[in-house]
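S.K.: So that you have it, the file is final-v3.csv, and it contains CSV, N, CA and C atoms:
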chain,number,residue,atom,x,y,z
A,224,MET,N,-9.2,-5.4,-33.0
A,224,MET,CA,-7.9,-6.0,-32.7
A,224,MET,C,-6.8,-4.9,-32.6
A,225,LYS,N,-6.9,-4.0,-33.5
A,225,LYS,CA,-5.9,-2.9,-33.5
A,225,LYS,C,-5.9,-2.1,-32.2
A,226,LYS,N,-7.1,-1.9,-31.7
A,226,LYS,CA,-7.3,-1.1,-30.5
A,226,LYS,C,-6.7,-1.9,-29.3
A,227,LEU,N,-6.8,-3.2,-29.3
A,227,LEU,CA,-6.3,-4.0,-28.2
A,227,LEU,C,-4.7,-3.9,-28.1
A,228,LEU,N,-4.1,-3.8,-29.3
A,228,LEU,CA,-2.6,-3.7,-29.4
A,228,LEU,C,-2.1,-2.3,-29.3
A,229,SER,N,-2.9,-1.3,-29.2
A,229,SER,CA,-2.5,0.1,-29.2
A,229,SER,C,-1.9,0.4,-27.8
A,230,VAL,N,-0.9,1.3,-27.8
A,230,VAL,CA,-0.4,1.8,-26.6
A,230,VAL,C,-1.0,3.1,-26.2
A,231,ASN,N,-2.0,3.6,-26.9
A,231,ASN,CA,-2.7,4.8,-26.6
A,231,ASN,C,-3.8,4.6,-25.6
A,232,TYR,N,-4.1,5.6,-24.8
A,232,TYR,CA,-5.2,5.4,-23.8
A,232,TYR,C,-5.8,6.8,-23.6
A,233,SER,N,-7.0,6.8,-23.2
A,233,SER,CA,-7.7,8.1,-22.9
A,233,SER,C,-7.5,8.5,-21.5
A,234,ASP,N,-7.8,9.8,-21.2
A,234,ASP,CA,-7.7,10.3,-19.9
A,234,ASP,C,-8.7,9.6,-19.0
A,235,ALA,N,-9.8,9.3,-19.5
A,235,ALA,CA,-10.9,8.6,-18.7
A,235,ALA,C,-10.4,7.2,-18.3
A,236,ALA,N,-9.7,6.5,-19.2
A,236,ALA,CA,-9.2,5.2,-18.9
A,236,ALA,C,-8.1,5.2,-17.8
A,237,PHE,N,-7.2,6.2,-18.0
A,237,PHE,CA,-6.2,6.4,-17.0
A,237,PHE,C,-6.8,6.7,-15.6
A,238,ASN,N,-7.7,7.6,-15.5
A,238,ASN,CA,-8.3,8.0,-14.2
A,238,ASN,C,-9.1,6.9,-13.6
A,239,LEU,N,-9.8,6.2,-14.4
A,239,LEU,CA,-10.6,5.0,-13.9
A,239,LEU,C,-9.6,3.9,-13.4
A,240,SER,N,-8.5,3.7,-14.1
A,240,SER,CA,-7.5,2.7,-13.7
A,240,SER,C,-6.9,3.1,-12.4
A,241,MET,N,-6.5,4.4,-12.2
A,241,MET,CA,-5.9,4.8,-11.0
A,241,MET,C,-6.9,4.7,-9.8
A,242,PHE,N,-8.1,5.0,-10.1
A,242,PHE,CA,-9.2,4.8,-9.0
A,242,PHE,C,-9.3,3.3,-8.6
A,243,PHE,N,-9.3,2.5,-9.6
A,243,PHE,CA,-9.4,1.0,-9.4
A,243,PHE,C,-8.2,0.5,-8.6
A,244,ILE,N,-7.0,0.9,-9.0
A,244,ILE,CA,-5.8,0.5,-8.2
A,244,ILE,C,-5.8,1.0,-6.8
A,245,ARG,N,-6.2,2.3,-6.6
A,245,ARG,CA,-6.3,2.8,-5.3
A,245,ARG,C,-7.3,2.0,-4.4
A,246,LEU,N,-8.5,1.8,-5.0
A,246,LEU,CA,-9.6,1.2,-4.3
A,246,LEU,C,-9.2,-0.3,-3.9
A,247,CYS,N,-8.7,-1.0,-4.9
A,247,CYS,CA,-8.4,-2.4,-4.6
A,247,CYS,C,-7.2,-2.6,-3.6
A,248,PHE,N,-6.1,-2.0,-3.9
A,248,PHE,CA,-5.0,-2.2,-3.0
A,248,PHE,C,-5.2,-1.5,-1.6
A,249,GLY,N,-5.8,-0.3,-1.6
A,249,GLY,CA,-6.1,0.4,-0.4
A,249,GLY,C,-7.0,-0.4,0.5
A,250,LEU,N,-8.1,-0.9,0.0
A,250,LEU,CA,-9.1,-1.7,0.8
A,250,LEU,C,-8.5,-3.0,1.2
A,251,LEU,N,-7.7,-3.6,0.3
A,251,LEU,CA,-7.1,-4.9,0.7
A,251,LEU,C,-6.1,-4.7,1.8
A,252,ILE,N,-5.3,-3.7,1.8
A,252,ILE,CA,-4.3,-3.5,2.9
A,252,ILE,C,-5.0,-3.2,4.2
A,253,ILE,N,-6.1,-2.5,4.1
A,253,ILE,CA,-6.8,-2.2,5.4
A,253,ILE,C,-7.5,-3.4,5.9
A,254,VAL,N,-8.3,-4.1,5.1
A,254,VAL,CA,-9.2,-5.2,5.5
A,254,VAL,C,-8.4,-6.5,5.8
A,255,ARG,N,-7.4,-6.8,5.0
A,255,ARG,CA,-6.7,-8.1,5.1
A,255,ARG,C,-5.5,-8.0,6.0
A,256,HIS,N,-5.0,-6.8,6.3
A,256,HIS,CA,-3.8,-6.7,7.1
A,256,HIS,C,-3.9,-5.7,8.2
A,257,GLY,N,-4.4,-4.5,8.0
A,257,GLY,CA,-4.5,-3.5,9.0
A,257,GLY,C,-5.4,-3.8,10.1
A,258,MET,N,-6.7,-4.1,9.8
A,258,MET,CA,-7.7,-4.4,10.8
A,258,MET,C,-7.3,-5.7,11.6
A,259,PRO,N,-6.8,-6.8,11.0
A,259,PRO,CA,-6.4,-7.9,11.8
A,259,PRO,C,-5.3,-7.5,12.7
A,260,HIS,N,-4.3,-6.7,12.3
A,260,HIS,CA,-3.2,-6.3,13.2
A,260,HIS,C,-3.8,-5.5,14.3
A,261,LEU,N,-4.7,-4.6,14.0
A,261,LEU,CA,-5.3,-3.7,15.0
A,261,LEU,C,-6.1,-4.6,16.1
A,262,MET,N,-6.9,-5.5,15.6
A,262,MET,CA,-7.7,-6.3,16.5
A,262,MET,C,-6.9,-7.3,17.3
A,263,ASP,N,-5.8,-7.7,16.8
A,263,ASP,CA,-5.0,-8.7,17.5
A,263,ASP,C,-3.7,-8.1,18.1
A,264,PHE,N,-3.8,-6.8,18.4
A,264,PHE,CA,-2.6,-6.0,18.8
A,264,PHE,C,-1.9,-6.6,20.0
A,265,SER,N,-2.7,-7.0,21.0
A,265,SER,CA,-2.1,-7.4,22.3
A,265,SER,C,-1.3,-8.7,22.1
A,266,SER,N,-1.8,-9.6,21.3
A,266,SER,CA,-1.1,-10.9,21.2
A,266,SER,C,0.0,-10.8,20.1
A,267,ALA,N,-0.1,-9.9,19.2
A,267,ALA,CA,0.9,-9.8,18.1
A,267,ALA,C,2.1,-8.9,18.5
A,268,GLN,N,2.0,-8.0,19.4
A,268,GLN,CA,3.1,-7.1,19.7
A,268,GLN,C,4.3,-7.8,20.2
A,269,GLY,N,4.2,-8.9,20.9
A,269,GLY,CA,5.4,-9.6,21.4
A,269,GLY,C,6.2,-10.4,20.4
A,270,LYS,N,5.5,-10.8,19.3
A,270,LYS,CA,6.2,-11.6,18.3
A,270,LYS,C,6.3,-10.9,17.0
A,271,PHE,N,6.1,-9.7,16.9
A,271,PHE,CA,6.2,-8.9,15.7
A,271,PHE,C,7.6,-8.6,15.3
A,272,TYR,N,7.9,-8.4,14.0
A,272,TYR,CA,9.3,-8.1,13.6
A,272,TYR,C,9.8,-6.8,14.2
A,273,ASN,N,10.9,-6.8,14.7
A,273,ASN,CA,11.5,-5.7,15.4
A,273,ASN,C,12.4,-4.9,14.4
A,274,PHE,N,11.8,-3.8,13.8
A,274,PHE,CA,12.4,-3.0,12.8
A,274,PHE,C,13.4,-2.1,13.4
A,275,LEU,N,14.7,-2.2,13.0
A,275,LEU,CA,15.8,-1.3,13.4
A,275,LEU,C,16.0,-1.2,14.9
A,276,GLY,N,15.6,-2.2,15.6
A,276,GLY,CA,15.7,-2.3,17.0
A,276,GLY,C,14.8,-1.3,17.8
A,277,ILE,N,13.7,-0.8,17.2
A,277,ILE,CA,12.8,0.1,17.9
A,277,ILE,C,11.8,-0.6,18.8
A,278,GLY,N,11.8,-1.9,18.7
A,278,GLY,CA,10.9,-2.7,19.5
A,278,GLY,C,9.8,-3.3,18.7
A,279,SER,N,9.3,-4.4,19.1
A,279,SER,CA,8.2,-5.1,18.4
A,279,SER,C,6.9,-4.3,18.5
A,280,LYS,N,6.6,-3.7,19.7
A,280,LYS,CA,5.4,-3.0,19.9
A,280,LYS,C,5.4,-1.7,19.0
A,281,PHE,N,6.4,-0.9,19.0
A,281,PHE,CA,6.4,0.3,18.2
A,281,PHE,C,6.5,0.0,16.7
A,282,SER,N,7.1,-1.1,16.3
A,282,SER,CA,7.1,-1.5,14.9
A,282,SER,C,5.7,-1.9,14.5
A,283,LEU,N,5.0,-2.6,15.3
A,283,LEU,CA,3.6,-2.9,15.0
A,283,LEU,C,2.7,-1.7,15.0
A,284,ILE,N,2.9,-0.7,15.8
A,284,ILE,CA,2.2,0.5,15.8
A,284,ILE,C,2.4,1.3,14.5
A,285,LEU,N,3.7,1.3,14.0
A,285,LEU,CA,4.0,1.9,12.7
A,285,LEU,C,3.3,1.2,11.5
A,286,VAL,N,3.3,-0.1,11.6
A,286,VAL,CA,2.6,-0.9,10.6
A,286,VAL,C,1.1,-0.7,10.6
A,287,ILE,N,0.5,-0.6,11.7
A,287,ILE,CA,-0.9,-0.3,11.8
A,287,ILE,C,-1.2,1.0,11.3
A,288,PHE,N,-0.4,2.0,11.6
A,288,PHE,CA,-0.6,3.4,11.0
A,288,PHE,C,-0.5,3.3,9.5
A,289,ALA,N,0.5,2.6,9.0
A,289,ALA,CA,0.6,2.6,7.5
A,289,ALA,C,-0.6,1.8,6.9
A,290,GLU,N,-0.9,0.7,7.4
A,290,GLU,CA,-1.9,-0.2,6.8
A,290,GLU,C,-3.3,0.4,6.9
A,291,VAL,N,-3.7,1.0,8.1
A,291,VAL,CA,-5.0,1.5,8.3
A,291,VAL,C,-5.2,2.9,7.8
A,292,PHE,N,-4.4,3.8,8.4
A,292,PHE,CA,-4.6,5.2,8.1
A,292,PHE,C,-4.1,5.6,6.7
A,293,CYS,N,-2.9,5.2,6.4
A,293,CYS,CA,-2.4,5.5,5.0
A,293,CYS,C,-3.2,4.8,4.0
A,294,GLY,N,-3.6,3.5,4.3
A,294,GLY,CA,-4.5,2.8,3.4
A,294,GLY,C,-5.8,3.5,3.1
A,295,LEU,N,-6.4,4.1,4.2
A,295,LEU,CA,-7.6,4.9,4.0
A,295,LEU,C,-7.4,6.1,3.2
A,296,PHE,N,-6.2,6.8,3.4
A,296,PHE,CA,-5.9,8.0,2.5
A,296,PHE,C,-5.7,7.6,1.1
A,297,VAL,N,-5.2,6.4,0.8
A,297,VAL,CA,-5.0,5.9,-0.6
A,297,VAL,C,-6.4,5.6,-1.2
A,298,VAL,N,-7.3,5.0,-0.4
A,298,VAL,CA,-8.6,4.7,-1.0
A,298,VAL,C,-9.3,6.0,-1.3
A,299,LEU,N,-9.2,7.0,-0.5
A,299,LEU,CA,-9.9,8.3,-0.7
A,299,LEU,C,-9.2,9.1,-1.8
A,300,GLY,N,-7.9,8.8,-2.0
A,300,GLY,CA,-7.1,9.7,-2.9
A,300,GLY,C,-6.8,11.0,-2.2
A,301,LEU,N,-6.5,11.0,-0.9
A,301,LEU,CA,-6.2,12.1,-0.1
A,301,LEU,C,-4.7,12.1,0.3
A,302,PHE,N,-4.0,13.1,-0.1
A,302,PHE,CA,-2.5,13.2,0.1
A,302,PHE,C,-1.9,11.8,-0.4
A,303,THR,N,-2.3,11.4,-1.5
A,303,THR,CA,-2.0,10.0,-2.0
A,303,THR,C,-0.5,9.8,-2.1
A,304,ARG,N,0.2,10.7,-2.7
A,304,ARG,CA,1.7,10.5,-2.8
A,304,ARG,C,2.4,10.4,-1.5
A,305,LEU,N,2.0,11.2,-0.5
A,305,LEU,CA,2.5,11.1,0.8
A,305,LEU,C,2.1,9.9,1.5
A,306,ALA,N,0.9,9.5,1.3
A,306,ALA,CA,0.3,8.3,2.0
A,306,ALA,C,1.0,7.0,1.6
A,307,VAL,N,1.4,6.9,0.3
A,307,VAL,CA,2.0,5.7,-0.1
A,307,VAL,C,3.5,5.5,0.3
A,308,ILE,N,4.1,6.6,0.8
A,308,ILE,CA,5.5,6.5,1.2
A,308,ILE,C,5.7,5.5,2.4
A,309,PRO,N,4.9,5.6,3.5
A,309,PRO,CA,5.0,4.7,4.5
A,309,PRO,C,4.7,3.2,4.1
A,310,LEU,N,3.7,3.1,3.2
A,310,LEU,CA,3.4,1.8,2.7
A,310,LEU,C,4.5,1.2,1.8
A,311,ILE,N,5.2,2.0,1.0
A,311,ILE,CA,6.3,1.5,0.3
A,311,ILE,C,7.4,1.1,1.2
A,312,ILE,N,7.7,1.9,2.2
A,312,ILE,CA,8.8,1.5,3.2
A,312,ILE,C,8.4,0.2,3.9
A,313,MET,N,7.2,0.1,4.2
A,313,MET,CA,6.7,-1.1,4.9
A,313,MET,C,6.9,-2.3,4.1
A,314,MET,N,6.6,-2.2,2.8
A,314,MET,CA,6.7,-3.4,1.9
A,314,MET,C,8.2,-3.7,1.6
A,315,LEU,N,9.0,-2.7,1.6
A,315,LEU,CA,10.5,-3.0,1.5
A,315,LEU,C,11.0,-3.7,2.7
A,316,VAL,N,10.5,-3.3,3.9
A,316,VAL,CA,10.9,-3.9,5.2
A,316,VAL,C,10.4,-5.3,5.2
A,317,VAL,N,9.2,-5.6,4.8
A,317,VAL,CA,8.7,-7.0,4.7
A,317,VAL,C,9.6,-7.8,3.8
A,318,THR,N,9.8,-7.3,2.6
A,318,THR,CA,10.6,-8.1,1.6
A,318,THR,C,12.0,-8.3,2.0
A,319,PHE,N,12.7,-7.3,2.4
A,319,PHE,CA,14.2,-7.4,2.7
A,319,PHE,C,14.5,-7.5,4.2
A,320,GLY,N,13.5,-7.3,5.0
A,320,GLY,CA,13.8,-7.5,6.5
A,320,GLY,C,13.1,-8.7,7.0
A,321,ALA,N,11.8,-8.7,7.2
A,321,ALA,CA,11.1,-9.8,7.8
A,321,ALA,C,11.2,-11.1,7.0
A,322,ASN,N,11.2,-11.0,5.7
A,322,ASN,CA,11.3,-12.2,4.9
A,322,ASN,C,12.7,-12.4,4.3
A,323,ALA,N,13.7,-11.7,4.8
A,323,ALA,CA,15.1,-11.8,4.3
A,323,ALA,C,15.5,-13.3,4.4
A,324,GLY,N,16.2,-13.8,3.4
A,324,GLY,CA,16.7,-15.1,3.4
A,324,GLY,C,15.6,-16.2,3.0
A,325,ARG,N,14.4,-15.8,2.9
A,325,ARG,CA,13.4,-16.7,2.5
A,325,ARG,C,13.3,-16.7,1.0
A,326,PRO,N,12.6,-17.8,0.4
A,326,PRO,CA,12.5,-17.8,-1.1
A,326,PRO,C,11.6,-16.6,-1.5
A,327,VAL,N,11.8,-16.1,-2.7
A,327,VAL,CA,11.1,-15.0,-3.3
A,327,VAL,C,9.6,-15.2,-3.2
A,328,PRO,N,9.0,-16.4,-3.5
A,328,PRO,CA,7.6,-16.5,-3.4
A,328,PRO,C,7.0,-16.1,-2.0
A,329,ASP,N,7.8,-16.2,-1.0
A,329,ASP,CA,7.3,-15.8,0.3
A,329,ASP,C,7.0,-14.3,0.4
A,330,SER,N,7.6,-13.5,-0.5
A,330,SER,CA,7.4,-12.1,-0.5
A,330,SER,C,6.6,-11.6,-1.7
A,331,GLU,N,5.9,-12.6,-2.3
A,331,GLU,CA,5.1,-12.2,-3.5
A,331,GLU,C,4.1,-11.2,-3.2
A,332,LEU,N,3.3,-11.3,-2.2
A,332,LEU,CA,2.2,-10.4,-1.9
A,332,LEU,C,2.8,-9.0,-1.6
A,333,ALA,N,3.9,-9.0,-0.8
A,333,ALA,CA,4.5,-7.7,-0.5
A,333,ALA,C,5.0,-7.0,-1.7
A,334,LEU,N,5.6,-7.8,-2.7
A,334,LEU,CA,6.1,-7.2,-3.9
A,334,LEU,C,4.9,-6.7,-4.8
A,335,LEU,N,3.8,-7.4,-4.8
A,335,LEU,CA,2.6,-6.9,-5.5
A,335,LEU,C,2.1,-5.5,-4.9
A,336,TYR,N,2.0,-5.5,-3.6
A,336,TYR,CA,1.7,-4.2,-3.0
A,336,TYR,C,2.7,-3.1,-3.3
A,337,LEU,N,4.0,-3.5,-3.2
A,337,LEU,CA,5.0,-2.5,-3.5
A,337,LEU,C,4.9,-2.0,-4.9
A,338,GLY,N,4.6,-2.8,-5.9
A,338,GLY,CA,4.4,-2.4,-7.2
A,338,GLY,C,3.3,-1.4,-7.4
A,339,ALA,N,2.2,-1.7,-6.7
A,339,ALA,CA,1.0,-0.8,-6.8
A,339,ALA,C,1.2,0.5,-6.2
A,340,PHE,N,1.9,0.5,-5.0
A,340,PHE,CA,2.1,1.7,-4.3
A,340,PHE,C,3.2,2.6,-5.0
A,341,VAL,N,4.2,2.0,-5.6
A,341,VAL,CA,5.2,2.8,-6.4
A,341,VAL,C,4.5,3.4,-7.6
A,342,LEU,N,3.6,2.6,-8.2
A,342,LEU,CA,2.8,3.2,-9.3
A,342,LEU,C,2.0,4.4,-8.9
A,343,LEU,N,1.4,4.3,-7.8
A,343,LEU,CA,0.6,5.5,-7.3
A,343,LEU,C,1.5,6.7,-6.9
A,344,LEU,N,2.7,6.4,-6.4
A,344,LEU,CA,3.7,7.4,-6.1
A,344,LEU,C,4.1,8.2,-7.4
A,345,PHE,N,4.4,7.4,-8.5
A,345,PHE,CA,4.8,8.0,-9.7
A,345,PHE,C,3.7,8.7,-10.5
A,346,CYS,N,2.5,8.0,-10.6
A,346,CYS,CA,1.4,8.5,-11.4
A,346,CYS,C,0.4,9.4,-10.7
A,347,GLY,N,0.4,9.3,-9.4
A,347,GLY,CA,-0.6,10.1,-8.6
A,347,GLY,C,-2.0,9.4,-8.6
A,348,PRO,N,-2.9,10.0,-7.9
A,348,PRO,CA,-4.2,9.3,-7.7
A,348,PRO,C,-5.2,9.3,-8.8
A,349,GLY,N,-5.0,10.2,-9.8
A,349,GLY,CA,-5.9,10.3,-10.9
A,349,GLY,C,-7.0,11.4,-10.5
A,350,LYS,N,-7.9,11.7,-11.4
A,350,LYS,CA,-8.8,12.7,-11.2
A,350,LYS,C,-10.0,12.3,-10.3
A,351,ILE,N,-10.2,11.0,-10.1
A,351,ILE,CA,-11.3,10.5,-9.3
A,351,ILE,C,-10.7,10.4,-7.9
A,352,SER,N,-10.5,11.5,-7.2
A,352,SER,CA,-9.8,11.5,-5.9
A,352,SER,C,-10.1,12.8,-5.2
A,353,VAL,N,-9.9,12.8,-3.9
A,353,VAL,CA,-10.1,14.0,-3.1
A,353,VAL,C,-9.0,15.0,-3.4
A,354,ASP,N,-7.8,14.5,-3.7
A,354,ASP,CA,-6.7,15.4,-4.1
A,354,ASP,C,-7.1,16.2,-5.3
A,355,ASN,N,-7.7,15.7,-6.3
A,355,ASN,CA,-8.2,16.4,-7.4
A,355,ASN,C,-9.2,17.4,-7.1
A,356,MET,N,-10.1,17.1,-6.2
A,356,MET,CA,-11.2,18.0,-5.7
A,356,MET,C,-10.7,19.2,-5.0
A,357,MET,N,-9.5,19.1,-4.4
A,357,MET,CA,-8.9,20.2,-3.6
A,357,MET,C,-8.2,21.2,-4.5
A,358,HIS,N,-8.0,20.9,-5.7
A,358,HIS,CA,-7.3,21.8,-6.6
A,358,HIS,C,-8.2,22.8,-7.2
Render the structure in this file as structure tokens.

M.R.:
Amino acid sequence: MKKLLSVNYSDAAFNLSMFFIRLCFGLLIIVRHGMPHLMDFSSAQGKFYNFLGIGSKFSLILVIFAEVFCGLFVVLGLFTRLAVIPLIIMMLVVTFGANAGRPVPDSELALLYLGAFVLLLFCGPGKISVDNMMH
């Protein structure tokens, strides 16, 4: 019981946790959001949220880049801190742009992703990553 209430952790636990967070949230953003946007590009581009007036099509292209390519970098742990920046921006745009004025539960998923990506920005990918292998 004492160990369950402890705030101490091992390096192995930290690195395994960061790997698990990267794998779960990276794969989810790719499979549940990025690939569907990519596969449905032609029909989605006309009705997609127009970020800063750059146009629905270009906004969708930026989202696909973040969800698929940055998501893949997160899974691999490759340039992780750089890769999460577009994902963080995207989740902020979803929460405060596309879902602005809606009840908070409508942005729950975006806020969960935001929390995970901010965690990765602050803590890094851990030692089970390509970033670690390059050092």

S.K.: Please report the interatomic distance between atom CA of A:Leu299 and atom CA of A:Asp263 in Å with one decimal.

M.R.: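 Computing it gives 25.4 Å between the two atoms.
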
S.K.: Find the residues around A:Leu343 up to 7 Å (only N, CA and C atoms counted), leave out those fewer than 6 positions away in its own chain, and share them as an NGL selection string.

M.R.: :A and (303-304 or 307)

S.K.: Just write the chosen residues, N, CA and C atoms, as a compact mmCIF listing (two decimals), in the frame of the given file.

M.R.:
# COMPACT_ATOMS: atom_id res chain seq x y z
N THR A 303 -2.30 11.40 -1.50
CA THR A 303 -2.00 10.00 -2.00
C THR A 303 -0.50 9.80 -2.10
N ARG A 304 0.20 10.70 -2.70
CA ARG A 304 1.70 10.50 -2.80
C ARG A 304 2.40 10.40 -1.50
N VAL A 307 1.40 6.90 0.30
CA VAL A 307 2.00 5.70 -0.10
C VAL A 307 3.50 5.50 0.30

S.K.: Calculate how many Å separate atom C of A:Asn273 from atom N of A:Val316, rounding to one decimal.

M.R.: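 Between these atoms lies a distance of 10.8 Å.
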
S.K.: Have a look at A:Leu332, A:Ile287, A:Val297, A:Met241 and name the one nearest to A:Cys346; count all atoms listed in the file.

M.R.: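 Distance minimum relative to A:Cys346 lands on A:Met241.
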
S.K.: Quick one, how far is atom CA of A:Tyr272 from atom CA of A:Phe296?

M.R.: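 Separation of atom CA of A:Tyr272 and atom CA of A:Phe296: 24.8 Å.
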
S.K.: Here is a test: counting all atoms listed in the file, which residue of A:Leu228, A:Val298, A:Leu261, A:Cys293 is nearest to A:Leu246?

M.R.: A:Val298

S.K.: Enumerate as number ranges by chain all residues of chain A assigned to helix (DSSP H, G or I) by DSSP on the backbone, naming them with the chain letters and numbers the document uses.

M.R.: A: 234-262, 264-267, 274-276, 279-299, 303-321, 327-346, 353-356

S.K.: Tell me which protein, DNA and RNA residues are within 10 Å of A:Leu251, counting only C-alpha atoms, leaving out same-chain ones fewer than 6 positions away, and put them as a compact mmCIF listing (two decimals) with N, CA and C atoms, in the frame of the given file.

M.R.:
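Saved result, around_34.txt, follows:
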# COMPACT_ATOMS: atom_id res chain seq x y z
N ARG A 245 -6.20 2.30 -6.60
CA ARG A 245 -6.30 2.80 -5.30
C ARG A 245 -7.30 2.00 -4.40
N GLY A 257 -4.40 -4.50 8.00
CA GLY A 257 -4.50 -3.50 9.00
C GLY A 257 -5.40 -3.80 10.10
N GLU A 290 -0.90 0.70 7.40
CA GLU A 290 -1.90 -0.20 6.80
C GLU A 290 -3.30 0.40 6.90
N GLY A 294 -3.60 3.50 4.30
CA GLY A 294 -4.50 2.80 3.40
C GLY A 294 -5.80 3.50 3.10
N VAL A 298 -7.30 5.00 -0.40
CA VAL A 298 -8.60 4.70 -1.00
C VAL A 298 -9.30 6.00 -1.30
N TYR A 336 2.00 -5.50 -3.60
CA TYR A 336 1.70 -4.20 -3.00
C TYR A 336 2.70 -3.10 -3.30

S.K.: Residues at most 9 Å from A:Leu239, counting only C-alpha atoms, excluding those fewer than 5 positions away in the same chain, as a tab-separated table (two decimals) with N, CA and C atoms, in the frame of the given file?

M.R.:
chain	number	residue	atom	x	y	z
A	234	ASP	N	-7.80	9.80	-21.20
A	234	ASP	CA	-7.70	10.30	-19.90
A	234	ASP	C	-8.70	9.60	-19.00
A	244	ILE	N	-7.00	0.90	-9.00
A	244	ILE	CA	-5.80	0.50	-8.20
A	244	ILE	C	-5.80	1.00	-6.80
A	349	GLY	N	-5.00	10.20	-9.80
A	349	GLY	CA	-5.90	10.30	-10.90
A	349	GLY	C	-7.00	11.40	-10.50
A	350	LYS	N	-7.90	11.70	-11.40
A	350	LYS	CA	-8.80	12.70	-11.20
A	350	LYS	C	-10.00	12.30	-10.30
A	351	ILE	N	-10.20	11.00	-10.10
A	351	ILE	CA	-11.30	10.50	-9.30
A	351	ILE	C	-10.70	10.40	-7.90

S.K.: Which is closer to A:Cys247 than all the others in A:Ser330, A:Ala339, A:Asn231, A:Ala306, using only C-alpha atoms?

M.R.: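 Smallest distance to A:Cys247 is found for A:Ala339.
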
S.K.: May I ask which of the residues A:Met224, A:Met258, A:Leu301, A:Leu310 is the closest one to A:Leu335, counting only C-alpha atoms?

M.R.: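 Residue with the minimum atom-to-atom distance to A:Leu335: A:Leu310.
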